[in-house]
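Participant: Here you go, this is target12.txt (compact mmCIF, C-alpha atoms and all ligand atoms).
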# COMPACT_ATOMS: atom_id res chain seq x y z
CA MET A 1062 29.63 0.21 12.45
CA ALA A 1063 29.66 -2.95 14.51
CA VAL A 1064 25.91 -2.69 15.05
CA GLU A 1065 24.20 -5.94 14.03
CA ILE A 1066 21.27 -5.67 11.64
CA LEU A 1067 19.10 -8.49 10.32
CA THR A 1068 17.06 -8.74 7.12
CA LEU A 1069 14.28 -11.32 7.01
CA LYS A 1070 13.76 -11.45 3.24
CA PRO A 1071 15.81 -10.21 0.27
CA MET A 1072 15.72 -6.42 -0.02
CA HIS A 1073 16.57 -4.23 -3.00
CA PRO A 1074 20.24 -4.96 -3.84
CA THR A 1075 21.22 -1.32 -3.26
CA VAL A 1076 19.63 -1.47 0.22
CA GLU A 1077 21.52 -4.61 1.11
CA ALA A 1078 24.77 -3.07 -0.18
CA ALA A 1079 24.22 0.12 1.84
CA LEU A 1080 23.33 -1.87 4.97
CA GLU A 1081 26.41 -4.00 4.51
CA ALA A 1082 28.58 -0.91 4.18
CA ALA A 1083 27.19 0.68 7.36
CA PHE A 1084 26.52 -2.31 9.63
CA THR A 1085 27.23 -5.96 10.29
CA LEU A 1086 24.45 -7.44 8.19
CA HIS A 1087 22.85 -10.86 8.72
CA ARG A 1088 20.42 -12.28 6.19
CA LEU A 1089 17.90 -14.71 7.64
CA HIS A 1090 16.62 -15.63 4.19
CA ALA A 1091 20.08 -16.59 2.98
CA ALA A 1092 20.95 -18.72 5.99
CA PRO A 1093 21.08 -22.49 5.32
CA ASP A 1094 19.54 -22.97 8.80
CA PRO A 1095 17.55 -19.82 9.73
CA GLU A 1096 16.79 -21.13 13.22
CA ALA A 1097 20.50 -21.68 13.87
CA LEU A 1098 21.24 -18.12 12.68
CA LEU A 1099 18.55 -16.74 14.99
CA ARG A 1100 20.05 -18.62 17.93
CA ALA A 1101 23.53 -17.43 17.03
CA VAL A 1102 22.87 -13.71 16.42
CA GLY A 1103 19.40 -13.05 17.91
CA GLY A 1104 20.91 -11.79 21.15
CA ALA A 1105 23.05 -9.22 19.35
CA VAL A 1106 20.67 -7.91 16.69
CA ARG A 1107 19.72 -4.26 17.37
CA GLY A 1108 17.91 -3.42 14.15
CA LEU A 1109 15.65 -5.14 11.62
CA ALA A 1110 15.29 -4.02 8.01
CA VAL A 1111 12.05 -5.48 6.69
CA GLY A 1112 9.59 -5.45 3.80
CA ALA A 1113 5.96 -6.48 3.97
CA GLN A 1114 6.56 -10.19 3.48
CA VAL A 1115 7.15 -11.38 7.06
CA PRO A 1116 4.92 -10.36 10.00
CA VAL A 1117 6.93 -8.67 12.73
CA ASP A 1118 4.96 -9.59 15.85
CA GLY A 1119 5.64 -10.00 19.57
CA PRO A 1120 7.05 -13.55 19.35
CA LEU A 1121 9.45 -12.50 16.58
CA MET A 1122 10.57 -9.35 18.42
CA ALA A 1123 11.09 -11.48 21.55
CA ARG A 1124 13.88 -13.27 19.68
CA PHE A 1125 15.87 -10.02 19.73
CA PRO A 1126 16.22 -8.77 23.34
CA LYS A 1127 18.47 -5.89 22.22
CA LEU A 1128 16.17 -4.79 19.40
CA GLU A 1129 15.91 -0.97 19.13
CA ILE A 1130 14.46 -0.27 15.70
CA VAL A 1131 12.46 -1.90 12.90
CA SER A 1132 12.97 -0.06 9.61
CA ASN A 1133 10.18 -0.88 7.16
CA PHE A 1134 10.46 -0.66 3.36
CA GLY A 1135 7.02 0.77 2.54
CA VAL A 1136 4.66 3.38 3.89
CA GLY A 1137 2.14 0.75 4.98
CA TYR A 1138 3.27 -1.21 8.03
CA ASP A 1139 0.24 -3.36 8.77
CA THR A 1140 2.48 -6.45 8.95
CA ILE A 1141 4.31 -4.92 11.93
CA ASP A 1142 2.74 -4.93 15.39
CA ALA A 1143 3.73 -1.32 16.09
CA ALA A 1144 1.81 -1.14 19.39
CA GLU A 1145 3.75 -4.16 20.62
CA ALA A 1146 6.98 -2.57 19.39
CA HIS A 1147 6.13 0.53 21.43
CA ARG A 1148 5.54 -1.60 24.54
CA ARG A 1149 8.99 -3.09 24.03
CA GLY A 1150 10.60 0.32 23.55
CA VAL A 1151 11.31 -0.46 19.88
CA VAL A 1152 10.96 2.31 17.29
CA VAL A 1153 9.28 1.49 13.97
CA THR A 1154 9.99 3.58 10.87
CA ASN A 1155 8.36 3.54 7.44
CA THR A 1156 8.93 5.29 4.10
CA PRO A 1157 6.36 8.08 3.71
CA ASP A 1158 6.56 10.97 1.22
CA VAL A 1159 9.18 9.44 -1.10
CA LEU A 1160 6.51 7.27 -2.76
CA THR A 1161 3.52 9.63 -2.61
CA ASP A 1162 3.69 10.96 -6.17
CA GLU A 1163 4.49 7.59 -7.70
CA VAL A 1164 1.52 5.87 -6.07
CA ALA A 1165 -0.77 8.80 -6.90
CA ASP A 1166 0.33 8.68 -10.56
CA LEU A 1167 -0.31 4.94 -10.71
CA THR A 1168 -3.73 5.40 -9.14
CA ILE A 1169 -4.78 7.83 -11.85
CA GLY A 1170 -3.42 5.44 -14.47
CA LEU A 1171 -5.35 2.55 -12.96
CA LEU A 1172 -8.54 4.60 -12.75
CA LEU A 1173 -8.32 5.60 -16.41
CA ALA A 1174 -7.33 2.08 -17.45
CA THR A 1175 -10.38 0.69 -15.67
CA LEU A 1176 -12.86 3.28 -16.96
CA ARG A 1177 -11.61 3.37 -20.54
CA ARG A 1178 -10.70 -0.33 -20.56
CA ILE A 1179 -7.18 0.35 -21.80
CA PRO A 1180 -5.70 -3.14 -21.14
CA GLN A 1181 -8.80 -4.74 -22.69
CA ALA A 1182 -8.39 -2.53 -25.78
CA ASP A 1183 -4.73 -3.53 -26.04
CA ARG A 1184 -5.69 -7.20 -25.83
CA TYR A 1185 -8.41 -6.63 -28.45
CA LEU A 1186 -5.95 -5.15 -30.93
CA ARG A 1187 -3.34 -7.86 -30.39
CA ALA A 1188 -5.96 -10.58 -30.84
CA GLY A 1189 -6.64 -9.19 -34.34
CA HIS A 1190 -10.24 -8.14 -33.68
CA TRP A 1191 -9.89 -4.50 -34.83
CA PRO A 1192 -10.24 -5.10 -38.61
CA LYS A 1193 -13.49 -6.97 -37.92
CA ALA A 1194 -15.15 -4.42 -35.62
CA PRO A 1195 -14.18 -1.33 -33.61
CA PHE A 1196 -13.53 -1.77 -29.90
CA PRO A 1197 -16.77 -1.26 -27.93
CA LEU A 1198 -17.32 2.19 -26.42
CA SER A 1199 -16.26 2.56 -22.81
CA ALA A 1200 -17.45 4.41 -19.73
CA SER A 1201 -16.05 7.89 -19.11
CA LEU A 1202 -14.63 10.02 -16.34
CA ARG A 1203 -16.69 12.96 -17.62
CA GLY A 1204 -19.29 14.11 -15.15
CA ARG A 1205 -18.24 11.69 -12.45
CA ARG A 1206 -17.88 12.32 -8.73
CA VAL A 1207 -14.90 10.64 -7.15
CA GLY A 1208 -14.77 9.59 -3.49
CA ILE A 1209 -11.49 8.96 -1.73
CA LEU A 1210 -11.40 6.67 1.29
CA GLY A 1211 -8.42 7.93 3.29
CA LEU A 1212 -7.28 11.48 2.60
CA GLY A 1213 -3.74 11.06 3.86
CA ARG A 1214 -0.59 12.04 2.00
CA ILE A 1215 -1.29 9.78 -0.96
CA GLY A 1216 -5.04 10.47 -0.91
CA ARG A 1217 -4.36 14.21 -1.13
CA ALA A 1218 -1.88 13.71 -3.98
CA ILE A 1219 -4.53 11.73 -5.86
CA ALA A 1220 -7.11 14.46 -5.18
CA ARG A 1221 -4.73 17.17 -6.47
CA ARG A 1222 -4.28 15.24 -9.71
CA LEU A 1223 -8.03 14.69 -10.02
CA GLU A 1224 -8.62 18.44 -9.75
CA GLY A 1225 -6.96 18.68 -13.16
CA PHE A 1226 -9.58 16.33 -14.58
CA GLY A 1227 -12.44 18.64 -13.60
CA VAL A 1228 -14.30 16.09 -11.50
CA GLU A 1229 -16.03 16.64 -8.16
CA ILE A 1230 -14.04 15.19 -5.27
CA ALA A 1231 -15.30 13.84 -1.95
CA TYR A 1232 -13.57 12.00 0.89
CA HIS A 1233 -14.24 9.92 3.93
CA GLY A 1234 -11.98 9.43 6.92
CA ARG A 1235 -12.21 9.54 10.69
CA ARG A 1236 -12.68 13.30 10.71
CA PRO A 1237 -12.96 16.26 8.32
CA GLN A 1238 -9.67 17.93 7.48
CA ASP A 1239 -8.99 21.64 7.75
CA GLY A 1240 -8.22 23.58 4.61
CA VAL A 1241 -9.37 20.86 2.23
CA PRO A 1242 -11.71 21.97 -0.59
CA TYR A 1243 -13.38 18.56 -1.01
CA THR A 1244 -16.76 17.36 0.30
CA TYR A 1245 -16.47 15.41 3.56
CA HIS A 1246 -18.71 12.40 4.25
CA ASP A 1247 -18.84 11.06 7.79
CA SER A 1248 -19.85 7.61 6.57
CA LEU A 1249 -18.29 5.44 3.89
CA LEU A 1250 -21.69 4.09 2.93
CA GLY A 1251 -23.01 7.62 2.50
CA MET A 1252 -20.05 8.58 0.33
CA ALA A 1253 -20.36 5.42 -1.78
CA GLY A 1254 -23.96 6.36 -2.53
CA ALA A 1255 -22.96 9.88 -3.58
CA VAL A 1256 -20.05 9.10 -5.94
CA HIS A 1257 -19.39 7.04 -9.08
CA VAL A 1258 -15.77 6.18 -8.33
CA LEU A 1259 -14.44 4.97 -4.99
CA ILE A 1260 -10.68 5.10 -4.49
CA VAL A 1261 -9.39 3.15 -1.49
CA VAL A 1262 -6.14 4.53 -0.09
CA ALA A 1263 -6.56 4.21 3.68
CA PRO A 1264 -4.13 2.39 5.96
CA ALA A 1265 -4.93 -1.23 6.77
CA GLY A 1266 -5.61 -2.41 10.29
CA PRO A 1267 -8.11 -4.32 12.41
CA ASP A 1268 -10.74 -1.55 12.10
CA THR A 1269 -10.53 -1.33 8.31
CA ASN A 1270 -10.81 -5.07 7.57
CA GLY A 1271 -13.42 -5.74 4.86
CA LEU A 1272 -14.65 -2.14 5.06
CA VAL A 1273 -15.69 -2.23 1.42
CA GLY A 1274 -18.20 -5.08 1.31
CA ASP A 1275 -21.63 -5.89 -0.13
CA ALA A 1276 -23.38 -2.77 1.21
CA VAL A 1277 -20.75 -0.27 0.03
CA LEU A 1278 -20.54 -1.90 -3.40
CA ALA A 1279 -24.33 -1.87 -3.75
CA ALA A 1280 -24.32 1.83 -2.80
CA LEU A 1281 -21.63 2.57 -5.41
CA GLY A 1282 -24.07 1.20 -7.96
CA PRO A 1283 -24.10 -0.17 -11.52
CA GLU A 1284 -22.04 2.72 -12.96
CA GLY A 1285 -19.58 2.50 -10.07
CA ILE A 1286 -15.85 1.91 -10.30
CA LEU A 1287 -13.76 0.71 -7.36
CA VAL A 1288 -10.02 1.40 -7.31
CA ASN A 1289 -7.91 -0.09 -4.52
CA VAL A 1290 -4.26 0.90 -4.12
CA ALA A 1291 -4.10 0.46 -0.33
CA ARG A 1292 -4.26 -3.10 0.97
CA GLY A 1293 -6.39 -6.03 -0.11
CA SER A 1294 -7.73 -6.45 3.42
CA LEU A 1295 -9.84 -3.27 3.14
CA VAL A 1296 -12.02 -4.87 0.47
CA ASP A 1297 -14.07 -8.03 0.93
CA GLU A 1298 -12.73 -9.78 -2.18
CA ALA A 1299 -15.50 -12.40 -2.35
CA ALA A 1300 -18.12 -9.63 -2.20
CA LEU A 1301 -16.25 -7.73 -4.93
CA VAL A 1302 -16.18 -10.77 -7.24
CA ARG A 1303 -19.93 -11.20 -6.71
CA ALA A 1304 -20.53 -7.50 -7.45
CA LEU A 1305 -18.42 -7.56 -10.63
CA GLU A 1306 -20.07 -10.77 -11.86
CA ALA A 1307 -23.58 -9.52 -11.16
CA GLY A 1308 -23.02 -5.99 -12.54
CA THR A 1309 -23.71 -4.48 -9.10
CA ILE A 1310 -20.77 -2.22 -10.00
CA LEU A 1311 -19.29 -1.53 -13.43
CA GLY A 1312 -15.64 -2.32 -12.86
CA ALA A 1313 -12.66 -2.47 -10.52
CA GLY A 1314 -9.00 -1.51 -10.76
CA LEU A 1315 -6.93 -3.33 -8.17
CA ASP A 1316 -3.25 -3.03 -7.32
CA VAL A 1317 -3.59 -4.98 -4.06
CA PHE A 1318 -5.22 -8.25 -3.02
CA GLU A 1319 -6.21 -10.11 0.12
CA ASN A 1320 -3.67 -12.90 -0.27
CA GLU A 1321 -0.82 -11.51 -2.39
CA PRO A 1322 0.72 -12.67 -4.64
CA HIS A 1323 -2.26 -15.00 -5.10
CA VAL A 1324 -5.25 -13.63 -6.97
CA PRO A 1325 -8.47 -15.67 -7.00
CA ALA A 1326 -9.14 -17.29 -10.38
CA ALA A 1327 -12.69 -15.89 -10.25
CA LEU A 1328 -11.28 -12.34 -10.15
CA ALA A 1329 -8.70 -12.98 -12.87
CA ALA A 1330 -11.46 -14.32 -15.13
CA LEU A 1331 -13.42 -11.05 -15.02
CA GLU A 1332 -13.17 -8.76 -18.05
CA ASN A 1333 -14.40 -5.77 -16.02
CA ALA A 1334 -11.43 -5.83 -13.65
CA VAL A 1335 -7.97 -4.39 -14.28
CA LEU A 1336 -5.48 -6.20 -12.07
CA LEU A 1337 -1.95 -5.08 -11.27
CA PRO A 1338 0.68 -6.99 -9.27
CA HIS A 1339 1.09 -4.38 -6.47
CA VAL A 1340 3.17 -1.93 -8.49
CA GLY A 1341 2.05 1.40 -6.97
CA SER A 1342 5.55 2.42 -5.92
CA ALA A 1343 7.41 0.05 -8.21
CA SER A 1344 9.63 2.34 -10.31
CA HIS A 1345 13.44 2.31 -10.17
CA HIS A 1346 13.39 5.92 -8.99
CA THR A 1347 10.94 5.46 -6.13
CA ARG A 1348 12.09 2.07 -4.92
CA ALA A 1349 15.64 3.47 -4.71
CA ALA A 1350 14.38 6.42 -2.65
CA MET A 1351 12.42 4.08 -0.35
CA GLY A 1352 15.48 1.88 0.11
CA GLN A 1353 17.63 4.87 0.91
CA LEU A 1354 15.16 5.96 3.59
CA VAL A 1355 15.21 2.47 5.15
CA VAL A 1356 18.98 2.75 5.45
CA ASP A 1357 18.97 6.42 6.52
CA ASN A 1358 16.56 5.67 9.36
CA LEU A 1359 18.89 2.99 10.71
CA VAL A 1360 22.02 5.09 10.29
CA SER A 1361 20.41 8.12 11.91
CA TRP A 1362 19.18 6.02 14.84
CA PHE A 1363 22.49 4.30 15.51
CA GLU A 1364 24.40 7.57 15.18
CA GLY A 1365 22.20 8.85 18.02
CA ARG A 1366 20.21 11.34 15.92
CA GLY A 1367 16.88 9.55 16.31
CA PRO A 1368 14.67 8.04 13.62
CA LEU A 1369 13.86 10.16 10.56
CA THR A 1370 10.34 8.86 9.93
CA PRO A 1371 8.95 7.06 13.00
CA VAL A 1372 5.37 5.77 12.73
CA ALA A 1373 2.59 7.26 14.85
CA GLU A 1374 2.53 4.35 17.34
CA THR A 1375 6.20 4.81 18.22
CA PRO A 1376 6.66 8.59 18.45
CA TRP A 1377 10.11 9.80 19.27
CA SER A 1378 11.41 13.09 20.52
CA PRO A 1379 15.04 13.94 21.26
CA ARG A 1380 16.00 13.87 24.93
CA ALA A 1381 16.54 17.33 26.40
C1 LIG A 1401 5.45 -1.51 -1.57
C2 LIG A 1401 3.49 -0.42 -0.41
O1 LIG A 1401 5.12 -2.28 -2.68
O2 LIG A 1401 4.61 1.34 0.64
C3 LIG A 1401 3.72 0.51 0.71
O3 LIG A 1401 2.98 0.41 1.71
O4 LIG A 1401 2.54 -1.12 -0.44
C4 LIG A 1401 4.43 -0.44 -1.54
O5 LIG A 1401 5.04 0.76 -1.73
C5 LIG A 1401 5.63 -2.48 -0.49
O6 LIG A 1401 5.65 -1.92 0.77
C6 LIG A 1401 6.92 -3.23 -0.74
O7 LIG A 1401 7.17 -4.18 0.19
For this file, write the structure as structure tokens.
Ligand code: 8YV
Facilitator:
Amino acid sequence: MAVEILTLKPMHPTVEAALEAAFTLHRLHAAPDPEALLRAVGGAVRGLAVGAQVPVDGPLMARFPKLEIVSNFGVGYDTIDAAEAHRRGVVVTNTPDVLTDEVADLTIGLLLATLRRIPQADRYLRAGHWPKAPFPLSASLRGRRVGILGLGRIGRAIARRLEGFGVEIAYHGRRPQDGVPYTYHDSLLGMAGAVHVLIVVAPAGPDTNGLVGDAVLAALGPEGILVNVARGSLVDEAALVRALEAGTILGAGLDVFENEPHVPAALAALENAVLLPHVGSASHHTRAAMGQLVVDNLVSWFEGRGPLTPVAETPWSPRA
């Protein structure tokens, strides 16, 4: 297809190969002079294939007057100004569903790792401490209530897994959901006070910035565990460090950070935090499926069949 597509940063090699096979592909990141490439091809580019690394905002979209679609690698698209895309008549797509189970699995792993201190126990053994003394006893999931902030696709998949652990499950979101057997809380603060584990899995945006701060952490309490697999921006990281240092909460399991890939030294120094380098969806299987969906959205669009997974801000329905 002679349609011109641009990538802003390296994508999974299989995605780049598939894009190259289907389209005329330009790579901004590989250009010796990116500005010169933008000037040369900006007027012809009709699709962007992006990850989370580069913000796609109005000024960037303005460089592509023929832009029709932005295909995002990831279910979260907080780095894309989707409302602005809508104003410009540009469709934004993301990669829902294909990563739901993977992220939910990882969340359960991170929760158990944090509660039972699995990475700390591994470090203890390797450091040769075991022959001298057994590893200290850990906290437990037994008898805990778990609150989920954001009962979307991934939140529900986490809740389904938690059912198997025999824990009570609660959730908070904008509104209660029909047909859901979990306790709804209309305030995050109220839920934090009623549970012992808070799992953050809500989409990021201006209204969720720093949602989990001093007050929510204090409400979670000294036995509380915070798990964040959404975006770092939902948690006030400085407040979290203070809470972990002071024992306001017991521990945190984090897959996401405010300023990735940079993690504050104060957080990395804490023994009661389990820190992962944003690996929720990072398996060969799931990343391949996400990449395929990035490509399939573009192919479907340019073959005139519409986007497969448009985001809520840029709804699309076939013309009659
Ligand atoms: C990816 C994610 O790591 O889908 C998301 O929103 O955060 C992850 O699956 C990320 O999008 C890759 O760029």
Participant: Which one is closest to His1323 (chain A): A:Leu1086, A:Gly1204, A:Lys1193, A:Pro1338? Count all atoms listed in the file.
Facilitator: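 Looking only at the distances to His1323 (chain A), the closest residue turns out to be A:Pro1338.
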Participant: Name the residues within 10 Å of (-10.8, -0.4, -12.7), counting all atoms listed in the file in the file's coordinates, and put them as a ChimeraX atom specification.
Facilitator: /A:1168,1170-1179,1258,1260,1285-1289,1311-1316,1333-1336
Participant: At a cut-off of 7 Å, can you tabulate as JSON lines every residue of chain A near ligand LIG 1401 (chain A) together with its closest atom pair and the distance in Å to one decimal, using only C-alpha atoms and all ligand atoms and ordering rows by chain then number?
Facilitator:
{"residue": "A:Gly1112", "atom": "CA", "partner": "A:LIG1401", "partner_atom": "O7", "distance": 4.5}
{"residue": "A:Ala1113", "atom": "CA", "partner": "A:LIG1401", "partner_atom": "O7", "distance": 4.6}
{"residue": "A:Gln1114", "atom": "CA", "partner": "A:LIG1401", "partner_atom": "O7", "distance": 6.9}
{"residue": "A:Phe1134", "atom": "CA", "partner": "A:LIG1401", "partner_atom": "O6", "distance": 5.6}
{"residue": "A:Gly1135", "atom": "CA", "partner": "A:LIG1401", "partner_atom": "O2", "distance": 3.1}
{"residue": "A:Val1136", "atom": "CA", "partner": "A:LIG1401", "partner_atom": "O2", "distance": 3.8}
{"residue": "A:Gly1137", "atom": "CA", "partner": "A:LIG1401", "partner_atom": "O3", "distance": 3.4}
{"residue": "A:Tyr1138", "atom": "CA", "partner": "A:LIG1401", "partner_atom": "O3", "distance": 6.5}
{"residue": "A:Thr1156", "atom": "CA", "partner": "A:LIG1401", "partner_atom": "O2", "distance": 6.8}
{"residue": "A:Leu1160", "atom": "CA", "partner": "A:LIG1401", "partner_atom": "O5", "distance": 6.8}
{"residue": "A:Ala1291", "atom": "CA", "partner": "A:LIG1401", "partner_atom": "O4", "distance": 6.8}
{"residue": "A:His1339", "atom": "CA", "partner": "A:LIG1401", "partner_atom": "O1", "distance": 5.9}
{"residue": "A:Val1340", "atom": "CA", "partner": "A:LIG1401", "partner_atom": "O1", "distance": 6.1}
{"residue": "A:Gly1341", "atom": "CA", "partner": "A:LIG1401", "partner_atom": "O5", "distance": 6.1}
{"residue": "A:Ser1342", "atom": "CA", "partner": "A:LIG1401", "partner_atom": "O5", "distance": 4.5}
{"residue": "A:Ala1343", "atom": "CA", "partner": "A:LIG1401", "partner_atom": "O1", "distance": 6.4}
Participant: Using CA of Pro1093 (chain A) and CA of Gly1108 (chain A) as the two end points, give the distance in Å to one decimal.
Facilitator: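 Between these atoms lies a distance of 21.3 Å.
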Participant: Which distance in Å separates CA of Asp1183 (chain A) and CA of Arg1205 (chain A), to one decimal?
Facilitator: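 Interatomic distance, CA of Asp1183 (chain A) to CA of Arg1205 (chain A): 24.5 Å.
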Participant: Find the residue from A:His1147, A:Val1356, A:Pro1325, A:Ala1279 that sits nearest to Ala1299 (chain A); use all atoms listed in the file when measuring.
Facilitator: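 Of A:His1147, A:Val1356, A:Pro1325, A:Ala1279, the one nearest Ala1299 (chain A) is A:Pro1325, counting all atoms listed in the file.
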Participant: Using all atoms listed in the file, which residues sit within 8 Å of His1233 (chain A) once same-chain residues fewer than 6 positions away are excluded, as a VMD selection string?
Facilitator: chain A and resid 1208 to 1212 1245 to 1249 1252
Participant: Choose the residue, out of A:Ala1349, A:Ala1097, A:Ile1219, A:Ala1079, that has the smallest atom-to-atom separation from Thr1161 (chain A); count only C-alpha atoms.
Facilitator: A:Ile1219
Participant: In Å, how far is it from CA of Arg1222 (chain A) to CA of Val1261 (chain A)?
Facilitator: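 Going from CA of Arg1222 (chain A) over to CA of Val1261 (chain A) covers 15.5 Å.
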Participant: From the options A:Asp1162, A:Glu1229, A:Glu1374, A:Glu1306, which residue's atoms come nearest to Ile1215 (chain A), counting only C-alpha atoms?
Facilitator: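 Using only C-alpha atoms, the shortest distance to Ile1215 (chain A) belongs to A:Asp1162.
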Participant: Quick one: residues within 12 Å of Arg1148 (chain A), only C-alpha atoms counted, chain neighbours fewer than 2 positions away excluded, as a tab-separated table (two decimals) with C-alpha atoms, keeping the file's coordinate frame?
Facilitator:
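The resulting file, part10.tsv, is shown below:
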chain	number	residue	atom	x	y	z
A	1118	ASP	CA	4.96	-9.59	15.85
A	1119	GLY	CA	5.64	-10.00	19.57
A	1122	MET	CA	10.57	-9.35	18.42
A	1123	ALA	CA	11.09	-11.48	21.55
A	1129	GLU	CA	15.91	-0.97	19.13
A	1142	ASP	CA	2.74	-4.93	15.39
A	1143	ALA	CA	3.73	-1.32	16.09
A	1144	ALA	CA	1.81	-1.14	19.39
A	1145	GLU	CA	3.75	-4.16	20.62
A	1146	ALA	CA	6.98	-2.57	19.39
A	1150	GLY	CA	10.60	0.32	23.55
A	1151	VAL	CA	11.31	-0.46	19.88
A	1152	VAL	CA	10.96	2.31	17.29
A	1153	VAL	CA	9.28	1.49	13.97
A	1374	GLU	CA	2.53	4.35	17.34
A	1375	THR	CA	6.20	4.81	18.22
A	1376	PRO	CA	6.66	8.59	18.45
Participant: Within 10 Å of Ala1307 (chain A), counting all atoms listed in the file, which residues qualify if same-chain residues fewer than 5 places away don't, as a PyMOL selection string?
Facilitator: chain A and resi 1283+1301-1302
Participant: Tell me which of A:Ala1078, A:Asp1139, A:Val1241, A:Pro1195 sits closest to Asp1268 (chain A), counting all atoms listed in the file.
Facilitator: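 Nearest to Asp1268 (chain A): A:Asp1139.
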Participant: Of the candidates A:Pro1157, A:Gly1251, A:Glu1077, A:Thr1140, which one gets nearest to Pro1267 (chain A) if we count only C-alpha atoms?
Facilitator: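 Checking each candidate against Pro1267 (chain A), we get A:Thr1140 as the closest.
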